[in-house]
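Trainee: One structure, pasted below without further comment.
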Protein chains: 2
Amino acid sequence: MAPSDGMSYAPMGKPAPVCAPGDFVVAAVGLDHGHIYGMCNGLVEAGAELRLVYDPDPAKVAALCERFPGARPAASEEEVLEDASVQLVASAAVPADRCGVGLRAMDHGKDFFVDKPPLTTLEQLAAARAKVAETSLKYGVYFSERLHVESAVFAGQLVEQGAIGRVVQVIGMGPHRLNAPSRPAWSFDRERFGGILCDIGSHQVEQFLFYTGAVDAEVTSSRVANYAHKEHPAFEDFGDCTLVGDNGASGYFRVDWFTPDGLGNWGDGRTFLLGTEGYIELRKYIDVARDPAGDQVYLVDQQGEHHYSVGGQVGYPFFGRFVLDCLERTELSMTQEHAFKAAEICIAAQMAARRVEQ
Amino acid sequence: MAPSDGMSYAPMGKPAPVCAPGDFVVAAVGLDHGHIYGMCNGLVEAGAELRLVYDPDPAKVAALCERFPGARPAASEEEVLEDASVQLVASAAVPADRCGVGLRAMDHGKDFFVDKPPLTTLEQLAAARAKVAETSLKYGVYFSERLHVESAVFAGQLVEQGAIGRVVQVIGMGPHRLNAPSRPAWSFDRERFGGILCDIGSHQVEQFLFYTGAVDAEVTSSRVANYAHKEHPAFEDFGDCTLVGDNGASGYFRVDWFTPDGLGNWGDGRTFLLGTEGYIELRKYIDVARDPAGDQVYLVDQQGEHHYSVGGQVGYPFFGRFVLDCLERTELSMTQEHAFKAAEICIAAQMAARRVEQ
């Protein structure tokens with residue numbers, strides 16, 4: 001078996017429906033990124049019914065339908081959009097194409113739930129903001145590295161409880177396994193994937209805003225590089241960024257495609273939350289050479305050192321809240337502005353990035 | 001007992017003299033920082049004889065002399081400088097005063113070995129460079145967080161062996177316990193300690209240059225803050241910095257004074273070396289909630305995940321090499337230019353730092 005990579009990361013939780021069968025019908029359009037599986041898992045566990053699936057590639061459609069019995073192939077995107085029973089369209093199309101799917105879905109009165117990055121340009125962002133304002137529909141974003149990671153959810157609860165005081169800094173490390181032969185061509189084309197800071201950096205920006213409670217942030221420095229994959233000249237295998245939140249909190253993140261084959265998972269994702277009264281480290285997907293299980297939370301406070309292994313203990317509350325938000329027109333799972341702001345900042349970081357050569 | 005802090009960090013290794021007793025006579029002048037103990041330990045284990053000790057505070061002198069039998073108090077700095085038997089002066093004076101001690105020592109024909117930061121202004125740096133050029137004497141620097149940490153030494157060996165390919169990035173985290181009541185007034189005065197990026201940041205800059213093999217680096221962003229110690233308005237409790245080496249390598253470090261009381265050591269220092277063929281993490285002083293012993297090295301390469309607990313296994317080769325460098329007028333322990341360059345970059349980072357308010 002090929003080493004795992006992030007594209008096949010699709011956590012499953014415990015079913016916890018927030019609505020009755022048939023109350024919330026969704027469709028999937030654009031299956032380019034494997035995240036669509038995690039997105040559908042989350043929605044279906046929360047009570048949604050996945051009814052229709054469309055992608056130009058029938059093999060991708062067949063595979064998703066097989067995973068979700070009851071889902072059936074649609075002949076075209078139009079068929080999905082014209083189906084009045086579909087309340088939400090989920091999409092993991094190629095990043096540059098996601099906004100287009102979303103605008104069309106909203107034009108047909110449907111909420112939208114999209115893989116990160118939710119869009120790749122400021123023009124798309126302006127169009128998405130305008131469409132949300134026009135329709136009052138949702139452009140929800142699957143920031144999987146927080147929403148679908150129990151340790152990340154738990155960290156949010158600890159911060160909310162004041163376990164480390166004020167969060168003054170967040171450091172995120174988002175290494176990913178490239179597994180180049182398995183990846184489609186768009187993965188190597190900056191215009192299509194949006195650039196490394198826009199793409200996998202979007203997780204990090206969102207986490208910075210979330211954990212620090214900042215509403216906005218300034219990109220104070222950013223850079224990208226292609227250190228070791230010169231055979232893909234439009235690729236970026238490294239990026240990093242510093243941020244300052246509107247509340248004074250500092251942020252730094254690094255994203256890269258250098259996960260070595262010897263790691264027992266696709267990436268040794270870490271998050272460090274530095275507080276005035278303690279700090280938290282998340283070893284999200286693995287505890288290197290200590291434990292193959294992820295979701296390891298380390299908390300140090302004024303009293304002592306604490307280790308929590310939270311896999312299977314916390315769940316993924318986002319999805320039920322999001323389904324309810326769609327049904328009840330609330331914003332309890334995540335505000336629209338938070339999702340758009342994360343997108344805006346990661347695009348700003350990408351646009352401002354210095355390209356490091358050598 | 002008060003919680004430990006970095007000022008009392010003074011590792012002891014195994015005696016491994018590189019010269020005969022009396023071949024290399026040293027003196028200590030300026031004992032403000034407890035690092036002087038680590039510095040003297042290292043030199044004496046390498047064969048040096050600590051003969052004279054001077055500080056305006058007799059209690060500090062007495063304490064150091066007690067720790068190193070054979071050492072005796074000097075009545076003045078002048079007595080040390082005029083003693084022709086003294087070949088090297090070691091100093092951990094207040095950072096802003098260190099260069100002055102060094103210039104006077106070199107004016108009296110003695111090599112100089114100084115705690116980090118070796119100096120605090122560009123004017124001092126120019127004077128030190130000029131004095132070295134004039135005298136061919138040494139202005140050596142005790143970058144303890146690499147030179148006196150076995151895991152850090154071991155990481156250098158791994159990198160040299162090519163264990164992780166090309167080092168494309170270094171992330172350093174240098175948290176420290178403040179333990180404010182125990183600290184002298186100069187610790188809170190930016191002009192005296194040099195600023196957080198100049199002071200504890202100097203370790204990080206030096207490690208970036210060392211592990212990446214960069215000869216020079218550009219500061220691409222830096223900032224400082226005083227998030228939670230407003231009662232000391234001239235203090236900085238947080239700083240961070242991004243670097244680009246002249247070989248294209250990227251660097252980031254964070255330094256802070258937020259180690260919570262519950263940590264079993266003065267600081268959870270970490271170093272992450274990202275290579276094209278693997279990565280290394282150092283948990284230098286503690287392995288939080290896993291192992292109170294530091295010097296834990298985690299290596300992931302293309303073959304697997306590896307954990308090395310290297311305390312007591314590696315030693316501190318710098319000191320023997322440095323003593324030989326002094327005796328034989330070589331530069332095998334560390335080049336003068338490397339030490340000065342690290343100082344220059346951390347001063348540049350400090351001068352360019354944006355001050356984050358709130």
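Identifiers for the structure tokens are assigned positionally: chains receive A, B, ... in sequence, residues are indexed from 1 per chain, and ligands are indexed from 1 in the order shown.
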Taking only C-alpha atoms into account, find every residue of chain A that has an atom no more than 7 Å from chain B, and write it out as a list of chain:residue names.

Mentor: A:Ser221, A:Ala228, A:Asn247, A:Gly248, A:Phe258, A:Pro260, A:Asp261, A:Gly262, A:Leu263, A:Thr276, A:Glu277, A:Gly278, A:Val288, A:Ala289, A:Val300, A:Asp301, A:Gln302, A:Gln303, A:Gly304, A:Glu305, A:His306, A:His307, A:Val356, A:Glu357, A:Gln358

Trainee: Can you pull out every residue within 7 Å of range 205-207 of chain A, counting only C-alpha atoms, but drop anything in the same chain fewer than 6 positions away, and send it as a ChimeraX atom specification?

Mentor: /A:146,342,346

Trainee: For the residues in the current selection, export N, CA, C and O atoms as a JSON list (two decimals), in the first residue's frame.

Mentor:
```json
[["chain", "number", "residue", "atom", "x", "y", "z"],
["A", 146, "ARG", "N", -9.09, 21.55, 11.90],
["A", 146, "ARG", "CA", -9.63, 21.87, 13.23],
["A", 146, "ARG", "C", -10.97, 21.18, 13.46],
["A", 146, "ARG", "O", -11.19, 20.54, 14.47],
["A", 342, "ALA", "N", -10.79, 34.08, 7.10],
["A", 342, "ALA", "CA", -9.68, 33.13, 6.98],
["A", 342, "ALA", "C", -9.25, 33.01, 5.52],
["A", 342, "ALA", "O", -8.05, 33.00, 5.20],
["A", 346, "CYS", "N", -5.50, 34.19, 4.01],
["A", 346, "CYS", "CA", -4.56, 33.26, 3.38],
["A", 346, "CYS", "C", -4.27, 33.67, 1.95],
["A", 346, "CYS", "O", -3.16, 33.48, 1.46]]
```

Trainee: For Gln336 in chain B, please output as a VMD selection string all residues within 7 Å (counting only C-alpha atoms; exclusion window: fewer than 3 positions along the same chain).

Mentor: chain B and resid 139 to 140 339 to 340

Trainee: Go ahead and save the picked residues with N, CA, C and O atoms, as a PDB file, in the first residue's frame.

Mentor:
```
ATOM      1  N   TYR B 139      37.144  36.394  20.639  1.00  0.00           N
ATOM      2  CA  TYR B 139      35.942  36.882  21.319  1.00  0.00           C
ATOM      3  C   TYR B 139      34.931  35.737  21.194  1.00  0.00           C
ATOM      4  O   TYR B 139      34.026  35.763  20.372  1.00  0.00           O
ATOM      5  N   GLY B 140      35.170  34.684  21.978  1.00  0.00           N
ATOM      6  CA  GLY B 140      34.332  33.485  21.895  1.00  0.00           C
ATOM      7  C   GLY B 140      33.025  33.658  22.640  1.00  0.00           C
ATOM      8  O   GLY B 140      32.956  34.408  23.609  1.00  0.00           O
ATOM      9  N   ALA B 339      30.378  33.583  15.186  1.00  0.00           N
ATOM     10  CA  ALA B 339      29.918  34.153  16.463  1.00  0.00           C
ATOM     11  C   ALA B 339      29.493  35.604  16.281  1.00  0.00           C
ATOM     12  O   ALA B 339      28.425  36.016  16.764  1.00  0.00           O
ATOM     13  N   PHE B 340      30.293  36.378  15.559  1.00  0.00           N
ATOM     14  CA  PHE B 340      29.937  37.781  15.339  1.00  0.00           C
ATOM     15  C   PHE B 340      28.689  37.899  14.467  1.00  0.00           C
ATOM     16  O   PHE B 340      27.859  38.788  14.659  1.00  0.00           O
TER      17      PHE B 340
END
```

Trainee: Check the smallest atom-to-atom distance from each of A:Tyr37, A:Phe143, A:Phe235, A:Phe322 to Phe188 in chain A using only C-alpha atoms, then report the winner.

Mentor: A:Phe235

Trainee: What is the distance between CA of Leu327 in chain A and CA of Pro15 in chain A, in Å to one decimal?

Mentor: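 About the pair CA of Leu327 in chain A and CA of Pro15 in chain A: they are 18.2 Å apart.
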
Trainee: So how far away is CA of Phe318 in chain B from CA of Gln87 in chain B, in Å?

Mentor: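 Going from CA of Gln87 in chain B over to CA of Phe318 in chain B, I get 18.1 Å.
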
Trainee: When DSSP works through the backbone of this structure, what residues of range 212-283 of chain B end up as strand (DSSP E), shown as a PyMOL selection string?

Mentor: chain B and resi 217-225+238-245+250-256+270-275+278-283

Trainee: Which parts of range 167-225 of chain B does DSSP call alpha helix (DSSP H) when run on the backbone here, written out as a compact mmCIF listing (two decimals) with N, CA, C and O atoms, in the first residue's frame?

Mentor:
```txt
# COMPACT_ATOMS: atom_id res chain seq x y z
N ARG B 190 15.46 46.94 29.00
CA ARG B 190 15.83 46.60 27.63
C ARG B 190 17.23 47.07 27.24
O ARG B 190 17.97 46.39 26.53
N GLU B 191 17.61 48.25 27.71
CA GLU B 191 18.93 48.78 27.36
C GLU B 191 20.05 47.94 27.98
O GLU B 191 21.15 47.86 27.43
N ARG B 192 19.75 47.33 29.09
CA ARG B 192 20.78 46.56 29.80
C ARG B 192 20.84 45.11 29.34
O ARG B 192 21.92 44.56 29.18
N PHE B 193 19.66 44.51 29.12
CA PHE B 193 19.71 43.10 28.66
C PHE B 193 19.75 43.00 27.16
O PHE B 193 20.03 41.93 26.61
N GLY B 201 17.16 35.50 22.06
CA GLY B 201 17.10 35.23 20.62
C GLY B 201 18.46 34.88 20.02
O GLY B 201 18.52 34.23 18.97
N SER B 202 19.53 35.31 20.68
CA SER B 202 20.86 35.05 20.08
C SER B 202 21.14 33.55 19.98
O SER B 202 21.76 33.10 19.01
N HIS B 203 20.66 32.78 20.95
CA HIS B 203 20.78 31.32 20.84
C HIS B 203 20.17 30.82 19.54
O HIS B 203 20.69 29.94 18.86
N GLN B 204 18.99 31.35 19.28
CA GLN B 204 18.21 30.84 18.15
C GLN B 204 18.85 31.21 16.82
O GLN B 204 18.89 30.40 15.89
N VAL B 205 19.35 32.42 16.73
CA VAL B 205 20.01 32.84 15.49
C VAL B 205 21.25 31.97 15.25
O VAL B 205 21.49 31.51 14.13
N GLU B 206 21.99 31.74 16.31
CA GLU B 206 23.21 30.94 16.17
C GLU B 206 22.85 29.53 15.69
O GLU B 206 23.52 28.97 14.81
N GLN B 207 21.80 28.96 16.25
CA GLN B 207 21.41 27.61 15.84
C GLN B 207 20.94 27.58 14.39
O GLN B 207 21.21 26.64 13.66
N PHE B 208 20.22 28.63 13.99
CA PHE B 208 19.80 28.68 12.59
C PHE B 208 21.01 28.64 11.66
O PHE B 208 21.06 27.84 10.71
N LEU B 209 22.00 29.48 11.94
CA LEU B 209 23.19 29.50 11.08
C LEU B 209 23.90 28.15 11.12
O LEU B 209 24.30 27.61 10.08
N PHE B 210 24.01 27.59 12.33
CA PHE B 210 24.76 26.36 12.47
C PHE B 210 24.10 25.19 11.74
O PHE B 210 24.73 24.49 10.95
N TYR B 211 22.83 24.99 12.00
CA TYR B 211 22.17 23.79 11.44
C TYR B 211 21.94 23.89 9.94
O TYR B 211 21.91 22.88 9.24
N THR B 212 21.72 25.10 9.45
CA THR B 212 21.50 25.23 8.01
C THR B 212 22.80 25.39 7.25
O THR B 212 22.81 25.25 6.02
```

Trainee: One decimal, Å: what's the distance from CA of Glu78 in chain B over to CA of Ala128 in chain B, could you say?

Mentor: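 Spanning CA of Glu78 in chain B to CA of Ala128 in chain B is a straight-line distance of 19.7 Å.
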
Trainee: List the spatial neighbours of Glu77 in chain B as a ChimeraX atom specification - criterion: any atom at most 9 Å away, only C-alpha atoms, same-chain residues fewer than 6 positions off excluded.

Mentor: /B:29-30,53-56,101

Trainee: Any chance you can output those residues with C-alpha atoms as a PDB file, in the first residue's frame?

Mentor:
```pdb
ATOM      1  CA  VAL B  29      35.165  38.798  35.487  1.00  0.00           C
ATOM      2  CA  GLY B  30      31.521  39.843  35.737  1.00  0.00           C
ATOM      3  CA  VAL B  53      37.566  35.764  39.975  1.00  0.00           C
ATOM      4  CA  TYR B  54      36.339  39.342  40.073  1.00  0.00           C
ATOM      5  CA  ASP B  55      32.966  40.963  40.454  1.00  0.00           C
ATOM      6  CA  PRO B  56      31.918  44.094  42.365  1.00  0.00           C
ATOM      7  CA  VAL B 101      35.107  43.708  29.530  1.00  0.00           C
TER       8      VAL B 101
END
```
